[in-house]
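Down below is the structure, laid out as structure tokens.
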Amino acid sequence: MIVTFTANPSLDRTVALPGPLERGEVQRAVSVSQESGGKGVNVSRALVASGLETIAVLPGAESDPVLAGLRHNGVPFAALPIDEPLRTNVALTEPGGVTTKINEPGPIMDADQQEALIGLLLERARGASWVVLAGSLPPGFPADFYATVTRRLRNGAGGGTPLIAVDSSGAPLVAAVADASADSVSGKPDLLKPNAEELAELAAAAGFATASTADELEADPEAAAAAAAAVVRSGVGAVLATLGSKGAVLVTADGAWLATHPPVAAVSTVGAGDSSLAGYLLAHGQGAAPADCLRQAVAHGAAAASLPGSTVPAVHQTTPEAVTITALRKD
């Protein structure tokens, strides 16, 4: 069982444009689609598409369109009832896959609701192999929320502690790496899934001496591996860094690898990173070696980019045999 946790889920609307986005002009959409979303929700959707057992933990009223969409698509979930509606995010996609996203902030939840949401996760995480903490945090949540939840999961699971993955950005992601709690139980995850921009931010937070921009990391896999290695040395179990069309890098304490996929005709990049994480977890659950977990991650991400809107691929739609794996230096 893989449990995903999305504190700030959304209804994701994707508007496909016939040409480049023209600021200040009127443009007519080619198509409009919508899916229940948020990073953790997307991971659960991708796992369901491949027949894996998963449950998405999230807030939301029973009648909220996000929960209605999950029911419609057969995605198991456990929701904490709240009064406020969940947010709606809009993605504008141009031919070639260029995507512009406009994300709402999300509902406000007080301290009692935040604690109840953690309690619901702890309950559903019993016996899970992985717990995925994913996405942005709603207004008012502390930046170290994911580090706190990670410690709570490890303190409360006894001998059955799940592996924990974090996929976020900004302050919550940095706090997950910089966890400085006096608690003897670490709040750092077993797996981090940053993109290039987030990896640059993480490496700086981990004290990596050589600062790099997202573009530089995407262009130089060795530099990406070195940055990810700095994060691993800080106490994180592994870093799966997605580098857009350049593939992805996986760094563990034991090695570093680059995976690349032949170019695909990109339609929409919405949710491609979430699908990559789902592919990694799918392969890990099958006992695959780290490099082969990376292989499936890149195959999933490439397949997602070739699909419209926030559509997630099933494993049979992916081509791991097309992925090239290269061992890298990490120092």
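As shown in the structure tokens, the chain order sets the letters A, B, ...; within each chain, residues go from 1, and ligands are also counted from 1 in the order they appear.
Using only C-alpha atoms, the residues found no farther than 12 Å from Ser63 (chain A), other than those of its own chain fewer than 5 positions away, are A:Ala68, A:Gly69, A:Leu70, A:Arg71, A:Ala79, A:Pro81, A:Ile82, A:Asp83, A:Glu84, A:Pro85, A:Leu86.
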Name all residues at most 12 Å from Gly285 (chain A) (count only C-alpha atoms; drop same-chain ones fewer than 5 positions away) and give them as number ranges by chain.
A: 1-2, 47, 52-53, 128-130, 163, 278-280, 290, 292-293, 296
Export of the given selection (N, CA, C and O atoms) as a PDB file, in the first residue's frame:
ATOM      1  N   MET A   1       0.837  -1.200   0.000  1.00  0.00           N
ATOM      2  CA  MET A   1       0.000   0.000   0.000  1.00  0.00           C
ATOM      3  C   MET A   1       0.873   1.251   0.000  1.00  0.00           C
ATOM      4  O   MET A   1       1.796   1.370   0.805  1.00  0.00           O
ATOM      5  N   ILE A   2       0.582   2.163  -0.900  1.00  0.00           N
ATOM      6  CA  ILE A   2       1.256   3.459  -0.949  1.00  0.00           C
ATOM      7  C   ILE A   2       0.233   4.535  -0.588  1.00  0.00           C
ATOM      8  O   ILE A   2      -0.805   4.649  -1.247  1.00  0.00           O
ATOM      9  N   LEU A  47      -0.770   5.618  -9.833  1.00  0.00           N
ATOM     10  CA  LEU A  47      -0.658   4.275  -9.274  1.00  0.00           C
ATOM     11  C   LEU A  47      -1.915   3.453  -9.558  1.00  0.00           C
ATOM     12  O   LEU A  47      -1.834   2.273  -9.916  1.00  0.00           O
ATOM     13  N   LEU A  52      -1.974  -0.469  -8.878  1.00  0.00           N
ATOM     14  CA  LEU A  52      -1.361  -0.568  -7.559  1.00  0.00           C
ATOM     15  C   LEU A  52      -2.330  -0.113  -6.473  1.00  0.00           C
ATOM     16  O   LEU A  52      -3.193   0.743  -6.700  1.00  0.00           O
ATOM     17  N   GLU A  53      -2.126  -0.650  -5.280  1.00  0.00           N
ATOM     18  CA  GLU A  53      -2.975  -0.298  -4.144  1.00  0.00           C
ATOM     19  C   GLU A  53      -2.487   1.011  -3.537  1.00  0.00           C
ATOM     20  O   GLU A  53      -1.319   1.158  -3.172  1.00  0.00           O
ATOM     21  N   ALA A 128       1.617   0.759   5.658  1.00  0.00           N
ATOM     22  CA  ALA A 128       1.972   1.218   4.309  1.00  0.00           C
ATOM     23  C   ALA A 128       3.447   0.970   4.022  1.00  0.00           C
ATOM     24  O   ALA A 128       4.287   0.985   4.935  1.00  0.00           O
ATOM     25  N   SER A 129       3.771   0.743   2.757  1.00  0.00           N
ATOM     26  CA  SER A 129       5.175   0.608   2.360  1.00  0.00           C
ATOM     27  C   SER A 129       5.813   1.980   2.159  1.00  0.00           C
ATOM     28  O   SER A 129       6.984   2.189   2.502  1.00  0.00           O
ATOM     29  N   TRP A 130       5.061   2.924   1.583  1.00  0.00           N
ATOM     30  CA  TRP A 130       5.522   4.292   1.362  1.00  0.00           C
ATOM     31  C   TRP A 130       4.424   5.267   1.789  1.00  0.00           C
ATOM     32  O   TRP A 130       3.233   4.990   1.619  1.00  0.00           O
ATOM     33  N   LEU A 163       8.516   3.920   4.397  1.00  0.00           N
ATOM     34  CA  LEU A 163       9.445   4.839   3.769  1.00  0.00           C
ATOM     35  C   LEU A 163       8.685   6.117   3.424  1.00  0.00           C
ATOM     36  O   LEU A 163       7.492   6.066   3.113  1.00  0.00           O
ATOM     37  N   ALA A 278       5.588   8.363  -9.272  1.00  0.00           N
ATOM     38  CA  ALA A 278       4.778   7.145  -9.265  1.00  0.00           C
ATOM     39  C   ALA A 278       5.524   5.995  -9.929  1.00  0.00           C
ATOM     40  O   ALA A 278       5.490   4.851  -9.440  1.00  0.00           O
ATOM     41  N   GLY A 279       6.209   6.275 -11.039  1.00  0.00           N
ATOM     42  CA  GLY A 279       6.975   5.232 -11.715  1.00  0.00           C
ATOM     43  C   GLY A 279       8.091   4.693 -10.843  1.00  0.00           C
ATOM     44  O   GLY A 279       8.341   3.479 -10.810  1.00  0.00           O
ATOM     45  N   TYR A 280       8.769   5.568 -10.134  1.00  0.00           N
ATOM     46  CA  TYR A 280       9.830   5.144  -9.210  1.00  0.00           C
ATOM     47  C   TYR A 280       9.249   4.227  -8.135  1.00  0.00           C
ATOM     48  O   TYR A 280       9.817   3.156  -7.845  1.00  0.00           O
ATOM     49  N   PRO A 290      18.085   0.472  -7.699  1.00  0.00           N
ATOM     50  CA  PRO A 290      17.905   1.925  -7.828  1.00  0.00           C
ATOM     51  C   PRO A 290      17.927   2.432  -9.268  1.00  0.00           C
ATOM     52  O   PRO A 290      17.080   3.251  -9.649  1.00  0.00           O
ATOM     53  N   ASP A 292      17.091   0.936 -11.950  1.00  0.00           N
ATOM     54  CA  ASP A 292      15.880   0.546 -12.664  1.00  0.00           C
ATOM     55  C   ASP A 292      14.646   1.268 -12.128  1.00  0.00           C
ATOM     56  O   ASP A 292      13.673   1.474 -12.867  1.00  0.00           O
ATOM     57  N   CYS A 293      14.673   1.666 -10.862  1.00  0.00           N
ATOM     58  CA  CYS A 293      13.613   2.548 -10.352  1.00  0.00           C
ATOM     59  C   CYS A 293      13.667   3.882 -11.096  1.00  0.00           C
ATOM     60  O   CYS A 293      12.632   4.446 -11.477  1.00  0.00           O
ATOM     61  N   GLN A 296      12.217   3.525 -14.664  1.00  0.00           N
ATOM     62  CA  GLN A 296      10.759   3.575 -14.755  1.00  0.00           C
ATOM     63  C   GLN A 296      10.234   4.971 -14.459  1.00  0.00           C
ATOM     64  O   GLN A 296       9.224   5.409 -15.024  1.00  0.00           O
TER      65      GLN A 296
END
DSSP on the backbone, alpha helix (DSSP H) only: what residues of region 70-300 of chain A does that give? Format it as a CSV table (one decimal) with N, CA, C and O atoms, in the first residue's frame.
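Ended up saving to states_22.csv:
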chain,number,residue,atom,x,y,z
A,70,LEU,N,-12.4,12.2,-7.7
A,70,LEU,CA,-11.7,11.0,-7.3
A,70,LEU,C,-12.6,9.8,-7.3
A,70,LEU,O,-12.3,8.7,-7.7
A,71,ARG,N,-13.9,10.0,-6.8
A,71,ARG,CA,-14.9,9.0,-6.9
A,71,ARG,C,-15.1,8.5,-8.3
A,71,ARG,O,-15.2,7.3,-8.6
A,72,HIS,N,-15.3,9.5,-9.2
A,72,HIS,CA,-15.6,9.1,-10.6
A,72,HIS,C,-14.5,8.3,-11.2
A,72,HIS,O,-14.7,7.4,-12.0
A,111,ALA,N,-5.3,25.3,13.6
A,111,ALA,CA,-4.4,24.3,14.2
A,111,ALA,C,-5.1,23.0,14.5
A,111,ALA,O,-4.5,21.9,14.3
A,112,ASP,N,-6.3,23.1,14.9
A,112,ASP,CA,-7.1,21.8,15.2
A,112,ASP,C,-7.3,21.0,14.0
A,112,ASP,O,-7.2,19.8,14.0
A,113,GLN,N,-7.6,21.7,12.9
A,113,GLN,CA,-7.8,21.0,11.6
A,113,GLN,C,-6.5,20.4,11.1
A,113,GLN,O,-6.5,19.3,10.6
A,114,GLN,N,-5.4,21.1,11.3
A,114,GLN,CA,-4.1,20.6,10.9
A,114,GLN,C,-3.8,19.4,11.6
A,114,GLN,O,-3.3,18.4,11.1
A,115,GLU,N,-4.0,19.4,12.9
A,115,GLU,CA,-3.7,18.2,13.8
A,115,GLU,C,-4.6,17.0,13.4
A,115,GLU,O,-4.2,15.9,13.3
A,116,ALA,N,-5.9,17.3,13.1
A,116,ALA,CA,-6.8,16.3,12.7
A,116,ALA,C,-6.4,15.6,11.3
A,116,ALA,O,-6.5,14.4,11.1
A,117,LEU,N,-5.8,16.5,10.4
A,117,LEU,CA,-5.4,16.0,9.2
A,117,LEU,C,-4.2,15.0,9.4
A,117,LEU,O,-4.1,14.0,8.7
A,118,ILE,N,-3.3,15.4,10.3
A,118,ILE,CA,-2.1,14.5,10.6
A,118,ILE,C,-2.6,13.2,11.2
A,118,ILE,O,-2.2,12.1,10.9
A,119,GLY,N,-3.6,13.3,12.1
A,119,GLY,CA,-4.2,12.1,12.7
A,119,GLY,C,-4.8,11.2,11.7
A,119,GLY,O,-4.6,10.0,11.8
A,120,LEU,N,-5.5,11.7,10.7
A,120,LEU,CA,-6.0,10.9,9.6
A,120,LEU,C,-4.9,10.2,8.9
A,120,LEU,O,-5.1,9.0,8.5
A,121,LEU,N,-3.9,10.9,8.6
A,121,LEU,CA,-2.7,10.3,7.9
A,121,LEU,C,-2.1,9.2,8.7
A,121,LEU,O,-1.8,8.1,8.2
A,122,LEU,N,-1.9,9.4,10.0
A,122,LEU,CA,-1.3,8.4,10.8
A,122,LEU,C,-2.1,7.1,10.9
A,122,LEU,O,-1.6,6.0,10.8
A,123,GLU,N,-3.4,7.3,10.9
A,123,GLU,CA,-4.3,6.2,10.9
A,123,GLU,C,-4.2,5.4,9.6
A,123,GLU,O,-4.1,4.2,9.6
A,124,ARG,N,-4.2,6.1,8.5
A,124,ARG,CA,-4.2,5.4,7.2
A,124,ARG,C,-2.9,4.9,6.8
A,124,ARG,O,-2.8,4.0,5.9
A,145,PHE,N,6.1,21.7,8.3
A,145,PHE,CA,5.0,20.8,8.5
A,145,PHE,C,5.4,19.4,8.0
A,145,PHE,O,5.1,18.4,8.7
A,146,TYR,N,6.1,19.3,6.9
A,146,TYR,CA,6.4,17.9,6.4
A,146,TYR,C,7.5,17.3,7.3
A,146,TYR,O,7.4,16.0,7.5
A,147,ALA,N,8.4,18.0,7.8
A,147,ALA,CA,9.4,17.5,8.7
A,147,ALA,C,8.7,17.0,10.0
A,147,ALA,O,9.0,15.9,10.5
A,148,THR,N,7.7,17.8,10.5
A,148,THR,CA,7.0,17.3,11.7
A,148,THR,C,6.2,16.1,11.4
A,148,THR,O,6.2,15.1,12.2
A,149,VAL,N,5.5,16.0,10.3
A,149,VAL,CA,4.7,14.8,9.9
A,149,VAL,C,5.6,13.6,9.8
A,149,VAL,O,5.3,12.5,10.2
A,150,THR,N,6.8,13.8,9.2
A,150,THR,CA,7.7,12.7,9.0
A,150,THR,C,8.1,12.1,10.4
A,150,THR,O,8.1,10.9,10.6
A,151,ARG,N,8.5,13.0,11.3
A,151,ARG,CA,8.8,12.5,12.7
A,151,ARG,C,7.6,11.8,13.3
A,151,ARG,O,7.8,10.8,14.0
A,152,ARG,N,6.4,12.4,13.2
A,152,ARG,CA,5.2,11.7,13.7
A,152,ARG,C,5.0,10.3,13.2
A,152,ARG,O,4.6,9.4,13.9
A,153,LEU,N,5.2,10.2,11.9
A,153,LEU,CA,5.0,8.9,11.3
A,153,LEU,C,6.0,7.9,11.8
A,153,LEU,O,5.7,6.7,12.1
A,154,ARG,N,7.3,8.3,12.0
A,154,ARG,CA,8.3,7.4,12.5
A,154,ARG,C,8.2,7.1,14.0
A,154,ARG,O,8.4,6.0,14.5
A,155,ASN,N,7.7,8.1,14.8
A,155,ASN,CA,7.5,7.9,16.2
A,155,ASN,C,6.3,7.0,16.4
A,155,ASN,O,6.3,6.2,17.4
A,156,GLY,N,5.3,7.0,15.5
A,156,GLY,CA,4.0,6.3,15.8
A,156,GLY,C,3.9,5.0,15.1
A,156,GLY,O,2.9,4.3,15.3
A,170,GLY,N,9.9,25.4,-2.4
A,170,GLY,CA,10.0,26.5,-1.5
A,170,GLY,C,10.3,26.1,-0.1
A,170,GLY,O,11.0,25.2,0.2
A,171,ALA,N,9.7,26.9,0.8
A,171,ALA,CA,10.1,26.8,2.2
A,171,ALA,C,9.8,25.4,2.8
A,171,ALA,O,10.6,24.8,3.6
A,172,PRO,N,8.6,24.7,2.4
A,172,PRO,CA,8.4,23.4,3.0
A,172,PRO,C,9.4,22.4,2.6
A,172,PRO,O,9.8,21.5,3.3
A,173,LEU,N,9.9,22.5,1.3
A,173,LEU,CA,10.9,21.5,0.9
A,173,LEU,C,12.3,21.8,1.5
A,173,LEU,O,12.9,20.9,2.0
A,174,VAL,N,12.7,23.1,1.6
A,174,VAL,CA,13.9,23.4,2.3
A,174,VAL,C,13.9,23.0,3.8
A,174,VAL,O,14.8,22.4,4.3
A,175,ALA,N,12.7,23.2,4.4
A,175,ALA,CA,12.6,22.8,5.8
A,175,ALA,C,12.7,21.3,6.0
A,175,ALA,O,13.2,20.8,7.0
A,176,ALA,N,12.2,20.5,5.0
A,176,ALA,CA,12.3,19.1,5.1
A,176,ALA,C,13.8,18.6,5.1
A,176,ALA,O,14.1,17.6,5.7
A,177,VAL,N,14.6,19.3,4.4
A,177,VAL,CA,16.1,19.0,4.4
A,177,VAL,C,16.8,19.6,5.5
A,177,VAL,O,17.7,19.0,6.1
A,178,ALA,N,16.4,20.8,5.9
A,178,ALA,CA,17.2,21.5,7.0
A,178,ALA,C,16.7,21.2,8.4
A,178,ALA,O,17.1,21.8,9.3
A,196,ALA,N,14.8,20.7,-11.3
A,196,ALA,CA,16.1,21.4,-11.3
A,196,ALA,C,16.1,22.6,-10.4
A,196,ALA,O,17.1,22.9,-9.7
A,197,GLU,N,15.0,23.4,-10.5
A,197,GLU,CA,15.0,24.7,-9.8
A,197,GLU,C,15.0,24.4,-8.3
A,197,GLU,O,15.7,25.0,-7.5
A,198,GLU,N,14.2,23.4,-7.9
A,198,GLU,CA,14.2,23.1,-6.4
A,198,GLU,C,15.5,22.4,-6.0
A,198,GLU,O,15.9,22.6,-4.8
A,199,LEU,N,16.1,21.7,-6.9
A,199,LEU,CA,17.4,21.1,-6.5
A,199,LEU,C,18.5,22.2,-6.2
A,199,LEU,O,19.3,22.0,-5.3
A,200,ALA,N,18.5,23.2,-7.1
A,200,ALA,CA,19.4,24.3,-6.8
A,200,ALA,C,19.2,24.9,-5.5
A,200,ALA,O,20.1,25.2,-4.7
A,201,GLU,N,17.9,25.1,-5.1
A,201,GLU,CA,17.6,25.7,-3.8
A,201,GLU,C,18.0,24.8,-2.7
A,201,GLU,O,18.5,25.2,-1.7
A,202,LEU,N,17.7,23.5,-2.9
A,202,LEU,CA,18.1,22.5,-1.8
A,202,LEU,C,19.6,22.4,-1.6
A,202,LEU,O,20.0,22.3,-0.5
A,203,ALA,N,20.3,22.4,-2.7
A,203,ALA,CA,21.8,22.3,-2.6
A,203,ALA,C,22.3,23.5,-1.8
A,203,ALA,O,23.2,23.3,-1.0
A,204,ALA,N,21.8,24.7,-2.1
A,204,ALA,CA,22.2,25.9,-1.4
A,204,ALA,C,21.9,25.7,0.1
A,204,ALA,O,22.7,26.1,1.0
A,205,ALA,N,20.7,25.2,0.4
A,205,ALA,CA,20.3,25.1,1.8
A,205,ALA,C,21.2,24.0,2.5
A,205,ALA,O,21.4,24.1,3.7
A,214,ALA,N,18.9,26.5,-12.2
A,214,ALA,CA,18.2,25.4,-12.7
A,214,ALA,C,18.6,25.0,-14.2
A,214,ALA,O,18.8,23.8,-14.5
A,215,ASP,N,18.8,26.0,-15.0
A,215,ASP,CA,19.3,25.8,-16.4
A,215,ASP,C,20.6,25.1,-16.4
A,215,ASP,O,20.9,24.2,-17.2
A,216,GLU,N,21.5,25.5,-15.5
A,216,GLU,CA,22.9,24.9,-15.4
A,216,GLU,C,22.8,23.4,-15.0
A,216,GLU,O,23.5,22.6,-15.5
A,217,LEU,N,21.9,23.1,-14.1
A,217,LEU,CA,21.8,21.8,-13.6
A,217,LEU,C,21.2,20.9,-14.7
A,217,LEU,O,21.5,19.7,-14.8
A,218,GLU,N,20.2,21.4,-15.4
A,218,GLU,CA,19.6,20.6,-16.5
A,218,GLU,C,20.6,20.4,-17.6
A,218,GLU,O,20.6,19.3,-18.2
A,219,ALA,N,21.5,21.3,-17.8
A,219,ALA,CA,22.5,21.2,-18.9
A,219,ALA,C,23.7,20.3,-18.5
A,219,ALA,O,24.4,19.8,-19.4
A,221,PRO,N,24.4,17.1,-16.1
A,221,PRO,CA,24.0,16.1,-15.2
A,221,PRO,C,25.0,15.8,-14.1
A,221,PRO,O,24.6,15.5,-12.9
A,222,GLU,N,26.3,16.0,-14.4
A,222,GLU,CA,27.3,15.8,-13.3
A,222,GLU,C,27.1,16.8,-12.2
A,222,GLU,O,27.2,16.5,-11.0
A,223,ALA,N,26.8,18.0,-12.6
A,223,ALA,CA,26.6,19.1,-11.6
A,223,ALA,C,25.3,18.8,-10.8
A,223,ALA,O,25.2,19.0,-9.6
A,224,ALA,N,24.3,18.3,-11.5
A,224,ALA,CA,23.0,17.9,-10.8
A,224,ALA,C,23.3,16.8,-9.8
A,224,ALA,O,22.8,16.8,-8.7
A,225,ALA,N,24.1,15.8,-10.2
A,225,ALA,CA,24.4,14.7,-9.3
A,225,ALA,C,25.2,15.2,-8.1
A,225,ALA,O,24.9,14.8,-7.0
A,226,ALA,N,26.1,16.1,-8.3
A,226,ALA,CA,26.9,16.7,-7.2
A,226,ALA,C,26.0,17.4,-6.2
A,226,ALA,O,26.2,17.4,-5.0
A,227,ALA,N,25.1,18.2,-6.8
A,227,ALA,CA,24.2,19.0,-5.9
A,227,ALA,C,23.3,18.0,-5.2
A,227,ALA,O,23.0,18.2,-4.0
A,228,ALA,N,22.8,17.0,-5.8
A,228,ALA,CA,21.9,16.0,-5.1
A,228,ALA,C,22.7,15.3,-4.1
A,228,ALA,O,22.2,14.9,-3.0
A,229,ALA,N,24.0,15.0,-4.3
A,229,ALA,CA,24.8,14.3,-3.4
A,229,ALA,C,25.0,15.1,-2.1
A,229,ALA,O,25.1,14.6,-1.0
A,230,ALA,N,25.1,16.5,-2.2
A,230,ALA,CA,25.2,17.3,-1.1
A,230,ALA,C,23.9,17.2,-0.2
A,230,ALA,O,24.0,17.2,1.0
A,231,VAL,N,22.8,17.0,-0.8
A,231,VAL,CA,21.5,16.9,-0.1
A,231,VAL,C,21.5,15.5,0.6
A,231,VAL,O,21.1,15.4,1.8
A,232,VAL,N,22.0,14.5,-0.1
A,232,VAL,CA,22.1,13.2,0.5
A,232,VAL,C,23.0,13.2,1.7
A,232,VAL,O,22.7,12.6,2.8
A,233,ARG,N,24.1,13.9,1.6
A,233,ARG,CA,25.1,13.9,2.8
A,233,ARG,C,24.4,14.6,4.0
A,233,ARG,O,24.9,14.4,5.1
A,272,ALA,N,3.8,15.7,-14.9
A,272,ALA,CA,4.8,14.8,-15.4
A,272,ALA,C,5.8,14.4,-14.3
A,272,ALA,O,6.2,13.2,-14.2
A,273,GLY,N,6.1,15.3,-13.4
A,273,GLY,CA,7.0,15.0,-12.3
A,273,GLY,C,6.3,14.1,-11.3
A,273,GLY,O,6.9,13.2,-10.7
A,274,ASP,N,5.0,14.3,-11.1
A,274,ASP,CA,4.2,13.4,-10.2
A,274,ASP,C,4.2,12.0,-10.8
A,274,ASP,O,4.3,11.0,-10.0
A,275,SER,N,4.0,11.8,-12.1
A,275,SER,CA,4.1,10.5,-12.7
A,275,SER,C,5.4,9.9,-12.6
A,275,SER,O,5.5,8.7,-12.4
A,276,SER,N,6.5,10.7,-12.7
A,276,SER,CA,7.8,10.2,-12.5
A,276,SER,C,8.0,9.5,-11.1
A,276,SER,O,8.5,8.4,-11.0
A,277,LEU,N,7.5,10.2,-10.1
A,277,LEU,CA,7.6,9.7,-8.8
A,277,LEU,C,6.8,8.4,-8.7
A,277,LEU,O,7.2,7.4,-8.0
A,278,ALA,N,5.6,8.4,-9.3
A,278,ALA,CA,4.8,7.1,-9.3
A,278,ALA,C,5.5,6.0,-9.9
A,278,ALA,O,5.5,4.9,-9.4
A,279,GLY,N,6.2,6.3,-11.0
A,279,GLY,CA,7.0,5.2,-11.7
A,279,GLY,C,8.1,4.7,-10.8
A,279,GLY,O,8.3,3.5,-10.8
A,280,TYR,N,8.8,5.6,-10.1
A,280,TYR,CA,9.8,5.1,-9.2
A,280,TYR,C,9.2,4.2,-8.1
A,280,TYR,O,9.8,3.2,-7.8
A,281,LEU,N,8.1,4.6,-7.5
A,281,LEU,CA,7.5,3.8,-6.5
A,281,LEU,C,7.0,2.5,-7.0
A,281,LEU,O,7.2,1.5,-6.3
A,282,LEU,N,6.5,2.5,-8.2
A,282,LEU,CA,6.0,1.2,-8.8
A,282,LEU,C,7.2,0.3,-8.9
A,282,LEU,O,7.1,-0.9,-8.5
A,283,ALA,N,8.3,0.7,-9.4
A,283,ALA,CA,9.5,-0.2,-9.6
A,283,ALA,C,10.1,-0.6,-8.3
A,283,ALA,O,10.5,-1.7,-8.1
A,284,HIS,N,10.1,0.4,-7.3
A,284,HIS,CA,10.7,0.0,-6.0
A,284,HIS,C,9.8,-1.1,-5.4
A,284,HIS,O,10.4,-2.0,-4.7
A,285,GLY,N,8.5,-1.0,-5.5
A,285,GLY,CA,7.7,-2.0,-4.9
A,285,GLY,C,7.8,-3.4,-5.5
A,285,GLY,O,7.5,-4.4,-4.9
A,290,PRO,N,18.1,0.5,-7.7
A,290,PRO,CA,17.9,1.9,-7.8
A,290,PRO,C,17.9,2.4,-9.3
A,290,PRO,O,17.1,3.3,-9.6
A,291,ALA,N,18.9,2.0,-10.1
A,291,ALA,CA,18.9,2.5,-11.5
A,291,ALA,C,17.7,2.1,-12.3
A,291,ALA,O,17.3,2.9,-13.1
A,292,ASP,N,17.1,0.9,-11.9
A,292,ASP,CA,15.9,0.5,-12.7
A,292,ASP,C,14.6,1.3,-12.1
A,292,ASP,O,13.7,1.5,-12.9
A,293,CYS,N,14.7,1.7,-10.9
A,293,CYS,CA,13.6,2.5,-10.4
A,293,CYS,C,13.7,3.9,-11.1
A,293,CYS,O,12.6,4.4,-11.5
A,294,LEU,N,14.9,4.4,-11.3
A,294,LEU,CA,15.1,5.6,-12.1
A,294,LEU,C,14.6,5.4,-13.5
A,294,LEU,O,14.0,6.3,-14.1
A,295,ARG,N,14.9,4.3,-14.1
A,295,ARG,CA,14.5,4.0,-15.5
A,295,ARG,C,13.0,4.1,-15.6
A,295,ARG,O,12.4,4.8,-16.5
A,296,GLN,N,12.2,3.5,-14.7
A,296,GLN,CA,10.8,3.6,-14.8
A,296,GLN,C,10.2,5.0,-14.5
A,296,GLN,O,9.2,5.4,-15.0
A,297,ALA,N,10.9,5.7,-13.6
A,297,ALA,CA,10.5,7.1,-13.3
A,297,ALA,C,10.6,7.9,-14.5
A,297,ALA,O,9.6,8.7,-14.9
A,298,VAL,N,11.7,7.8,-15.3
A,298,VAL,CA,11.8,8.6,-16.5
A,298,VAL,C,10.8,8.2,-17.6
A,298,VAL,O,10.2,9.0,-18.3
A,299,ALA,N,10.6,6.9,-17.7
A,299,ALA,CA,9.6,6.4,-18.6
A,299,ALA,C,8.2,6.9,-18.3
A,299,ALA,O,7.5,7.3,-19.2
A,300,HIS,N,7.9,6.9,-17.1
A,300,HIS,CA,6.6,7.5,-16.7
A,300,HIS,C,6.5,9.0,-17.0
A,300,HIS,O,5.4,9.4,-17.5
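Among the candidates A:Ala265, A:Ile108, A:Val32, A:Leu17, the residue lying nearest to Gly309 (chain A) is A:Val32 (atoms considered: only C-alpha atoms).
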Leaving out Ala134 (chain A) and any residue of its chain fewer than 3 positions from it, which residues lie within 7 Å of it when counting only C-alpha atoms, given as a list in words?
Phe5, Thr6, Lys39, Gly40, Val166, Asp167 and Ser168 of chain A
If you keep C-alpha atoms, can you produce a file of those selected residues as an mmCIF file, in the first residue's frame?
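File part-v5.cif, as written:
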data_model
loop_
_atom_site.group_PDB
_atom_site.id
_atom_site.type_symbol
_atom_site.label_atom_id
_atom_site.label_comp_id
_atom_site.auth_asym_id
_atom_site.auth_seq_id
_atom_site.Cartn_x
_atom_site.Cartn_y
_atom_site.Cartn_z
ATOM 1 C CA PHE A 5 -0.861 12.971 1.485
ATOM 2 C CA THR A 6 -1.966 16.189 -0.197
ATOM 3 C CA LYS A 39 0.895 16.349 -6.318
ATOM 4 C CA GLY A 40 -0.067 13.512 -3.989
ATOM 5 C CA VAL A 166 8.630 14.385 -0.067
ATOM 6 C CA ASP A 167 7.805 16.299 -3.247
ATOM 7 C CA SER A 168 7.264 19.975 -2.587
#
Which neighbours of Val323 (chain A) fall inside 6 Å, counting only C-alpha atoms, when residues of the same chain fewer than 3 positions from it are skipped, and could you give them as an mmCIF file with all heavy atoms, in the first residue's frame?
data_model
loop_
_atom_site.group_PDB
_atom_site.id
_atom_site.type_symbol
_atom_site.label_atom_id
_atom_site.label_comp_id
_atom_site.auth_asym_id
_atom_site.auth_seq_id
_atom_site.Cartn_x
_atom_site.Cartn_y
_atom_site.Cartn_z
ATOM 1 N N THR A 260 17.961 9.007 -19.410
ATOM 2 C CA THR A 260 17.428 9.840 -20.488
ATOM 3 C C THR A 260 16.499 9.015 -21.362
ATOM 4 O O THR A 260 16.662 7.801 -21.510
ATOM 5 C CB THR A 260 18.557 10.421 -21.357
ATOM 6 O OG1 THR A 260 19.342 9.350 -21.893
ATOM 7 C CG2 THR A 260 19.445 11.351 -20.555
ATOM 8 N N HIS A 261 15.516 9.688 -21.927
ATOM 9 C CA HIS A 261 14.536 9.052 -22.808
ATOM 10 C C HIS A 261 14.590 9.765 -24.155
ATOM 11 O O HIS A 261 14.771 10.987 -24.205
ATOM 12 C CB HIS A 261 13.133 9.175 -22.195
ATOM 13 C CG HIS A 261 12.074 8.369 -22.871
ATOM 14 N ND1 HIS A 261 11.541 8.709 -24.091
ATOM 15 C CD2 HIS A 261 11.447 7.226 -22.486
ATOM 16 C CE1 HIS A 261 10.620 7.824 -24.429
ATOM 17 N NE2 HIS A 261 10.549 6.917 -23.482
ATOM 18 N N PRO A 320 10.062 1.871 -20.736
ATOM 19 C CA PRO A 320 11.329 1.843 -19.991
ATOM 20 C C PRO A 320 12.482 1.274 -20.804
ATOM 21 O O PRO A 320 13.648 1.613 -20.561
ATOM 22 C CB PRO A 320 11.001 0.963 -18.774
ATOM 23 C CG PRO A 320 9.801 0.162 -19.175
ATOM 24 C CD PRO A 320 9.024 1.053 -20.090
#
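Selecting strand (DSSP E) from the backbone DSSP output for region 31-120 of chain A yields Ser31, Val32, Ser33, Gln34, Glu35, Ser36, Gly37, Thr54, Ile55, Ala56, Val57, Leu58, Pro59, Phe77, Ala78, Ala79, Leu80, Arg87, Thr88, Asn89, Val90, Ala91, Leu92, Thr93, Thr99, Thr100, Lys101 and Ile102 of chain A.
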Which is closest to Gln317 (chain A) among A:Val185, A:Ser50, A:Pro76, A:Asn42, if we use only C-alpha atoms?
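So, comparing all the options, the nearest one is A:Ser50.
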Could you tell me how far CA of Val75 (chain A) lies from CA of Ala304 (chain A), in Å and to one decimal?
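CA of Ala304 (chain A) lies 18.0 Å from CA of Val75 (chain A).
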Write out as number ranges by chain which residues come within 8 Å of Asn89 (chain A) when counting only C-alpha atoms, dropping same-chain ones fewer than 5 positions away.
A: 10-13, 101-104
